[in-house]
Amino acid sequence: MTAPAVIHVASLGKNYRRGLQADPGLRHALENFVRNPLNAFRGPKQETFWALKDVSLEVHEGEVLGLIGRNGAGKTTLLKILSRITRPTTGFAEIHGRVGSLLEVGTGFHPELTGRENAFLSGAILGMSKRDITRKFDEIVAFAELEKFIDTPVKHYSSGMYVRLAFAVAAHLEPEILLVDEVLAVGDINFQKKCLGKMGDVARTGRTVVLVSHQLNQIRRLCHRVVWVDDGQIRQDGNTHQVVSAYESVMARNSLGEESARDAHAVAQTRFLSWEVVAPTGPDPHILSAIAPTSVNFSLSVHAPIRNGHHGIALFNSERQLIWACAAEGLQFQPGRHELRYTFPMLPLRPGPYSWQVSLYEDGQNLDAWDCLPEMIVATESHQHSHDDWNGILNMPSEFAIDSGADSTVT
């Protein structure tokens with residue numbers, strides 16, 4: 001049975017005015033009237049743009065929804081409408097339940113109040129009783145690690161302290177719907193891990209989370225479903241791995257523009273030209289979509305004979321950690337185009353973006369070294385632990401059996 005929808009958005013649009021100028025004052029108005037009386041009776045030109053246009057979606061109770069897209073795509077505008085910070089120009093959004101939002105550093109905090117006072121104020125706004133807030137207060141302070149500063153006005157907090165307290169309040173005061181923007185990027189790495197763990201706990205208790213993030217690994221770990229927002233409209237809505245992989249593929253292709261100058265000179269010298277996954281086959285040669293025997297081709301253009309070549313290859317993840325590397329010595333190439341093929345029994349990698357790096361030397365002289373573009377997107381089904389703390393680099397299918405003598409049960 002499908003859970004009820006707690007967020008219902010229909011034909012939502014938000015139009016903003018851009019380029020408005022401040023009132024020039026009486027003196028300048030009179031000068032403009034003397035210079036051009038006709039223009040004085042014409043209103044100033046107001047350029048408008050749609051931050052959101054005809055957006056419709058539903059979010060069900062207990063669902064963790066990720067919103068992805070480029071800067072300026074309209075993700076934050078959508079969250080502001082859901083948080084009732086701004087009104088839509090067209091359409092409507094219905095929300096059923098208490099909403100806790102963390103859209104920017106210190107959202108909803110009064111700078112003159114202390115951290116303690118802001119925590120109680122935020123809880124009261126969410127409709128919680130003083131007794132309930134008091135019951136959660138020690139847990140909030142411990143999570144935010146602000147025991148020494150909780151009675152200090154928040155205007156004296158650093159951005160990191162703001163984020164720690166704001167997230168702790170938003171997550172611990174039991175909102176039925178939690179809206180979180182990219183603000184977590186302000187915190188340090190350890191705090192980000194705590195926040196991800198807490199959002200996972202919130203989701204497991206059946207509450208609803210809508211998360212905006214450019215950190216796609218976070219989206220993969222937490223979200224049941226992803227909506228890709230592009231230019232104020234929904235470009236794709238569906239399974240997390242499918243939507244994130246499609247988005248990564250488009251972003252990787254956009255980065256190919258910087259390679260045009262390199263390719264223009266490729267014919268005149270020894271250069272790596274391109275790369276592709278040739279097996280398993282799929283609609284996109286730069287996406288690995290199955291854990292199966294894998295072959296990867298690298299095209300090399302050689303300008304002059306190579307008698308004693310050294311070829312190296314390396315594979316890195318999105319955090320630039322080395323996953324695998326290999327080298328071959330004593331290679332010989334005649335002028336022309338060559339295909340260098342690597343075959344693997346499988347590449348059981350955690351879903352996400354990876355980058356190949358290939359190089360070619362002759363007698364210690366670097367002929368070419370290339371960080372291959374676009375990146376390789378691994379979009380395979382995840383076979384990892386459900387908790388992110390136990391997710392490793394490898395993503396290997398496995399079978400689990402319990403042998404109790406005569407009978408065995410496979411899970």
# chains A, B, ... in the order shown; residues from 1 in each chain; ligands from 1

call {"tool": "select_by_dssp", "arguments": {"residues": "segment 134-224 of chain A", "states": "strand (DSSP E)", "output": "VMD selection string"}}
result
chain A and resid 177 to 180 208 to 212

call {"tool": "write_last_selection", "arguments": {"atoms": "C-alpha atoms", "output": "compact mmCIF listing (two decimals), in the first residue's frame"}}
result
# COMPACT_ATOMS: atom_id res chain seq x y z
CA ILE A 177 8.88 16.90 7.25
CA LEU A 178 12.54 17.95 7.19
CA LEU A 179 13.77 20.26 4.39
CA VAL A 180 17.56 20.57 4.09
CA THR A 208 9.85 12.70 5.35
CA VAL A 209 13.10 14.33 4.18
CA VAL A 210 13.68 16.57 1.15
CA LEU A 211 17.40 17.11 0.58
CA VAL A 212 19.18 19.49 -1.82

call {"tool": "residues_around", "arguments": {"residues": "Gln334 of chain A", "least_positions_apart": "2", "cutoff": "12 Å", "atoms": "only C-alpha atoms", "output": "list of chain:residue names"}}
result
A:Thr270, A:Leu300, A:Ser301, A:Val302, A:His303, A:Ala304, A:Pro305, A:Ile306, A:Arg307, A:Asn308, A:Gly309, A:Leu331, A:Gln332, A:Gly336, A:Arg337, A:His338

call {"tool": "write_last_selection", "arguments": {"atoms": "C-alpha atoms", "output": "mmCIF file, in the first residue's frame"}}
result
data_model
loop_
_atom_site.group_PDB
_atom_site.id
_atom_site.type_symbol
_atom_site.label_atom_id
_atom_site.label_comp_id
_atom_site.auth_asym_id
_atom_site.auth_seq_id
_atom_site.Cartn_x
_atom_site.Cartn_y
_atom_site.Cartn_z
ATOM 1 C CA THR A 270 51.289 11.759 -30.159
ATOM 2 C CA LEU A 300 46.020 6.760 -29.251
ATOM 3 C CA SER A 301 47.337 8.788 -32.186
ATOM 4 C CA VAL A 302 51.083 8.346 -32.799
ATOM 5 C CA HIS A 303 52.957 10.929 -34.891
ATOM 6 C CA ALA A 304 56.459 9.403 -35.017
ATOM 7 C CA PRO A 305 57.747 5.849 -34.379
ATOM 8 C CA ILE A 306 58.110 4.866 -30.722
ATOM 9 C CA ARG A 307 60.825 2.282 -30.000
ATOM 10 C CA ASN A 308 60.859 2.033 -26.196
ATOM 11 C CA GLY A 309 57.525 3.207 -24.834
ATOM 12 C CA LEU A 331 56.223 -0.844 -26.165
ATOM 13 C CA GLN A 332 56.636 -0.110 -29.861
ATOM 14 C CA GLY A 336 48.958 6.007 -36.970
ATOM 15 C CA ARG A 337 46.017 5.301 -34.704
ATOM 16 C CA HIS A 338 46.113 2.535 -32.087
#

call {"tool": "atom_distance", "arguments": {"atom1": "atom CA of Thr380 of chain A", "atom2": "atom CA of Met396 of chain A"}}
result
10.4 Å

call {"tool": "select_by_dssp", "arguments": {"residues": "segment 76-188 of chain A", "states": "helix (DSSP H, G or I)", "output": "PyMOL selection string"}}
result
chain A and resi 76-82+115-125+130-144+154-156+159-172+182-186

call {"tool": "residues_around", "arguments": {"residues": "Lys130 of chain A", "least_positions_apart": "6", "cutoff": "12 Å", "atoms": "only C-alpha atoms", "output": "list in words"}}
result
Glu117, Ala119, Phe120, Leu121, Ser122, Gly123, Ala124, Lys136, Phe137 and Leu173 of chain A

call {"tool": "write_last_selection", "arguments": {"atoms": "C-alpha atoms", "output": "compact mmCIF listing (two decimals), in the first residue's frame"}}
result
# COMPACT_ATOMS: atom_id res chain seq x y z
CA GLU A 117 16.65 30.74 23.59
CA ALA A 119 16.29 26.38 20.38
CA PHE A 120 13.16 26.95 22.48
CA LEU A 121 11.87 29.54 19.98
CA SER A 122 12.33 27.15 17.04
CA GLY A 123 10.56 24.38 18.93
CA ALA A 124 7.64 26.66 19.77
CA LYS A 136 15.27 17.04 23.75
CA PHE A 137 17.45 20.00 24.74
CA LEU A 173 12.62 18.66 17.47

call {"tool": "atom_distance", "arguments": {"atom1": "atom CA of Gln269 of chain A", "atom2": "atom CA of Ala325 of chain A"}}
result
25.2 Å

call {"tool": "residues_around", "arguments": {"residues": "segment 60-71 of chain A", "least_positions_apart": "5", "cutoff": "10 Å", "atoms": "only C-alpha atoms", "output": "JSON, numbers by chain"}}
result
{"A": [2, 3, 4, 5, 6, 7, 8, 76, 78, 79, 96, 97, 176, 177, 178, 179, 180, 181, 199, 200, 202, 203, 204, 205, 206, 207, 208, 209, 210, 211, 212, 213, 214, 215, 216, 218, 219, 220, 222, 223, 224, 225, 226, 227, 228, 229, 230, 231, 232, 234, 235, 236, 237, 238, 240, 243, 244, 247, 248, 251]}

call {"tool": "residues_around", "arguments": {"residues": "Leu165 of chain A", "least_positions_apart": "4", "cutoff": "10 Å", "atoms": "only C-alpha atoms", "output": "PyMOL selection string"}}
result
chain A and resi 105-106+109+115-116+118-119+140-146+150+154+157+160-161+169-171

call {"tool": "write_last_selection", "arguments": {"atoms": "C-alpha atoms", "output": "PDB file, in the first residue's frame"}}
result
ATOM      1  CA  VAL A 105      22.973  29.348   7.880  1.00  0.00           C
ATOM      2  CA  GLY A 106      20.906  30.307  10.919  1.00  0.00           C
ATOM      3  CA  PHE A 109      17.396  32.324  14.426  1.00  0.00           C
ATOM      4  CA  GLY A 115      21.535  29.410  21.413  1.00  0.00           C
ATOM      5  CA  ARG A 116      19.339  28.119  24.236  1.00  0.00           C
ATOM      6  CA  ASN A 118      16.697  30.109  19.832  1.00  0.00           C
ATOM      7  CA  ALA A 119      16.291  26.379  20.382  1.00  0.00           C
ATOM      8  CA  ILE A 140      20.490  18.945  20.815  1.00  0.00           C
ATOM      9  CA  VAL A 141      23.379  20.618  22.636  1.00  0.00           C
ATOM     10  CA  ALA A 142      25.464  17.431  22.696  1.00  0.00           C
ATOM     11  CA  PHE A 143      24.909  16.844  18.971  1.00  0.00           C
ATOM     12  CA  ALA A 144      25.885  20.447  18.138  1.00  0.00           C
ATOM     13  CA  GLU A 145      28.925  20.265  20.474  1.00  0.00           C
ATOM     14  CA  LEU A 146      28.127  23.733  21.824  1.00  0.00           C
ATOM     15  CA  ILE A 150      24.840  27.595  24.341  1.00  0.00           C
ATOM     16  CA  VAL A 154      24.149  33.488  18.218  1.00  0.00           C
ATOM     17  CA  TYR A 157      28.726  32.290  16.456  1.00  0.00           C
ATOM     18  CA  GLY A 160      30.126  26.406  11.498  1.00  0.00           C
ATOM     19  CA  MET A 161      28.596  26.907  14.962  1.00  0.00           C
ATOM     20  CA  VAL A 169      17.443  21.903  16.343  1.00  0.00           C
ATOM     21  CA  ALA A 170      15.828  21.093  12.976  1.00  0.00           C
ATOM     22  CA  ALA A 171      16.537  17.364  13.251  1.00  0.00           C
TER      23      ALA A 171
END

call {"tool": "atom_distance", "arguments": {"atom1": "atom CA of Val163 of chain A", "atom2": "atom CA of Val99 of chain A"}}
result
17.8 Å

call {"tool": "closest_residue", "arguments": {"among": "A:Pro374, A:Pro348, A:Pro88, A:Pro335", "to": "Ser289 of chain A", "atoms": "only C-alpha atoms"}}
result
A:Pro348

call {"tool": "closest_residue", "arguments": {"among": "A:Asn217, A:Ser274, A:Gln365, A:Asn297", "to": "Val378 of chain A", "atoms": "only C-alpha atoms"}}
result
A:Asn217

call {"tool": "closest_residue", "arguments": {"among": "A:Ala379, A:Ala327, A:Ala246, A:Leu373", "to": "Pro351 of chain A", "atoms": "only C-alpha atoms"}}
result
A:Ala379

call {"tool": "decode", "arguments": {"residues": "segment 58-163 of chain A", "atoms": "C-alpha atoms", "output": "mmCIF file, in the first residue's frame"}}
result
data_model
loop_
_atom_site.group_PDB
_atom_site.id
_atom_site.type_symbol
_atom_site.label_atom_id
_atom_site.label_comp_id
_atom_site.auth_asym_id
_atom_site.auth_seq_id
_atom_site.Cartn_x
_atom_site.Cartn_y
_atom_site.Cartn_z
ATOM 1 C CA GLU A 58 4.315 14.478 -4.861
ATOM 2 C CA VAL A 59 6.372 13.359 -1.877
ATOM 3 C CA HIS A 60 4.986 10.527 0.211
ATOM 4 C CA GLU A 61 5.193 10.002 3.939
ATOM 5 C CA GLY A 62 8.515 8.468 4.991
ATOM 6 C CA GLU A 63 10.157 9.156 1.624
ATOM 7 C CA VAL A 64 13.639 10.647 1.302
ATOM 8 C CA LEU A 65 13.632 12.809 -1.835
ATOM 9 C CA GLY A 66 16.796 14.301 -3.321
ATOM 10 C CA LEU A 67 16.794 17.451 -5.446
ATOM 11 C CA ILE A 68 19.769 17.843 -7.782
ATOM 12 C CA GLY A 69 20.702 20.297 -10.523
ATOM 13 C CA ARG A 70 23.086 23.079 -11.382
ATOM 14 C CA ASN A 71 23.341 26.318 -9.404
ATOM 15 C CA GLY A 72 20.383 28.546 -10.243
ATOM 16 C CA ALA A 73 18.213 25.653 -11.435
ATOM 17 C CA GLY A 74 15.450 26.475 -8.931
ATOM 18 C CA LYS A 75 16.019 23.906 -6.156
ATOM 19 C CA THR A 76 16.298 26.408 -3.292
ATOM 20 C CA THR A 77 13.328 28.400 -4.596
ATOM 21 C CA LEU A 78 11.229 25.230 -4.422
ATOM 22 C CA LEU A 79 12.296 24.607 -0.817
ATOM 23 C CA LYS A 80 11.533 28.221 0.132
ATOM 24 C CA ILE A 81 8.008 27.844 -1.222
ATOM 25 C CA LEU A 82 7.568 24.558 0.672
ATOM 26 C CA SER A 83 8.867 26.290 3.830
ATOM 27 C CA ARG A 84 6.364 29.151 3.299
ATOM 28 C CA ILE A 85 9.197 31.678 3.126
ATOM 29 C CA THR A 86 8.035 32.893 -0.282
ATOM 30 C CA ARG A 87 4.752 32.635 -2.185
ATOM 31 C CA PRO A 88 4.433 31.019 -5.609
ATOM 32 C CA THR A 89 3.417 33.136 -8.625
ATOM 33 C CA THR A 90 1.346 30.316 -10.138
ATOM 34 C CA GLY A 91 0.130 26.958 -8.916
ATOM 35 C CA PHE A 92 0.101 25.758 -5.329
ATOM 36 C CA ALA A 93 1.877 23.535 -2.802
ATOM 37 C CA GLU A 94 0.050 21.580 -0.094
ATOM 38 C CA ILE A 95 1.991 20.353 2.925
ATOM 39 C CA HIS A 96 0.538 18.075 5.586
ATOM 40 C CA GLY A 97 2.609 18.026 8.787
ATOM 41 C CA ARG A 98 5.056 20.031 10.868
ATOM 42 C CA VAL A 99 7.920 21.330 8.728
ATOM 43 C CA GLY A 100 11.478 21.809 9.958
ATOM 44 C CA SER A 101 13.710 23.591 7.463
ATOM 45 C CA LEU A 102 17.406 24.315 7.200
ATOM 46 C CA LEU A 103 17.799 26.384 4.043
ATOM 47 C CA GLU A 104 20.675 28.683 4.934
ATOM 48 C CA VAL A 105 22.973 29.348 7.880
ATOM 49 C CA GLY A 106 20.906 30.307 10.919
ATOM 50 C CA THR A 107 17.499 30.132 9.237
ATOM 51 C CA GLY A 108 14.890 31.355 11.719
ATOM 52 C CA PHE A 109 17.396 32.324 14.426
ATOM 53 C CA HIS A 110 17.270 35.720 16.119
ATOM 54 C CA PRO A 111 20.851 37.048 16.343
ATOM 55 C CA GLU A 112 20.324 38.741 19.717
ATOM 56 C CA LEU A 113 19.027 35.582 21.404
ATOM 57 C CA THR A 114 21.269 32.889 22.826
ATOM 58 C CA GLY A 115 21.535 29.410 21.413
ATOM 59 C CA ARG A 116 19.339 28.119 24.236
ATOM 60 C CA GLU A 117 16.648 30.741 23.586
ATOM 61 C CA ASN A 118 16.697 30.109 19.832
ATOM 62 C CA ALA A 119 16.291 26.379 20.382
ATOM 63 C CA PHE A 120 13.162 26.953 22.479
ATOM 64 C CA LEU A 121 11.872 29.545 19.984
ATOM 65 C CA SER A 122 12.328 27.150 17.044
ATOM 66 C CA GLY A 123 10.559 24.380 18.930
ATOM 67 C CA ALA A 124 7.644 26.660 19.768
ATOM 68 C CA ILE A 125 7.324 27.660 16.089
ATOM 69 C CA LEU A 126 7.139 23.948 15.221
ATOM 70 C CA GLY A 127 4.252 23.626 17.676
ATOM 71 C CA MET A 128 6.120 21.700 20.377
ATOM 72 C CA SER A 129 5.452 22.144 24.075
ATOM 73 C CA LYS A 130 8.082 23.494 26.450
ATOM 74 C CA ARG A 131 8.215 20.077 28.126
ATOM 75 C CA ASP A 132 9.004 18.330 24.828
ATOM 76 C CA ILE A 133 11.718 20.860 23.949
ATOM 77 C CA THR A 134 13.274 20.519 27.420
ATOM 78 C CA ARG A 135 13.301 16.721 27.023
ATOM 79 C CA LYS A 136 15.267 17.041 23.752
ATOM 80 C CA PHE A 137 17.450 20.002 24.737
ATOM 81 C CA ASP A 138 20.468 18.144 26.167
ATOM 82 C CA GLU A 139 20.542 15.881 23.111
ATOM 83 C CA ILE A 140 20.490 18.945 20.815
ATOM 84 C CA VAL A 141 23.379 20.618 22.636
ATOM 85 C CA ALA A 142 25.464 17.431 22.696
ATOM 86 C CA PHE A 143 24.909 16.844 18.971
ATOM 87 C CA ALA A 144 25.885 20.447 18.138
ATOM 88 C CA GLU A 145 28.925 20.265 20.474
ATOM 89 C CA LEU A 146 28.127 23.733 21.824
ATOM 90 C CA GLU A 147 27.973 23.099 25.568
ATOM 91 C CA LYS A 148 30.292 26.027 26.330
ATOM 92 C CA PHE A 149 28.510 28.495 24.033
ATOM 93 C CA ILE A 150 24.840 27.595 24.341
ATOM 94 C CA ASP A 151 24.135 30.724 26.434
ATOM 95 C CA THR A 152 26.032 33.027 24.058
ATOM 96 C CA PRO A 153 24.037 35.195 21.594
ATOM 97 C CA VAL A 154 24.149 33.488 18.218
ATOM 98 C CA LYS A 155 25.332 36.689 16.516
ATOM 99 C CA HIS A 156 28.761 35.815 17.953
ATOM 100 C CA TYR A 157 28.726 32.290 16.456
ATOM 101 C CA SER A 158 30.910 31.319 13.527
ATOM 102 C CA SER A 159 29.192 29.936 10.418
ATOM 103 C CA GLY A 160 30.126 26.406 11.498
ATOM 104 C CA MET A 161 28.596 26.907 14.962
ATOM 105 C CA TYR A 162 25.426 28.318 13.339
ATOM 106 C CA VAL A 163 25.111 25.251 11.142
#
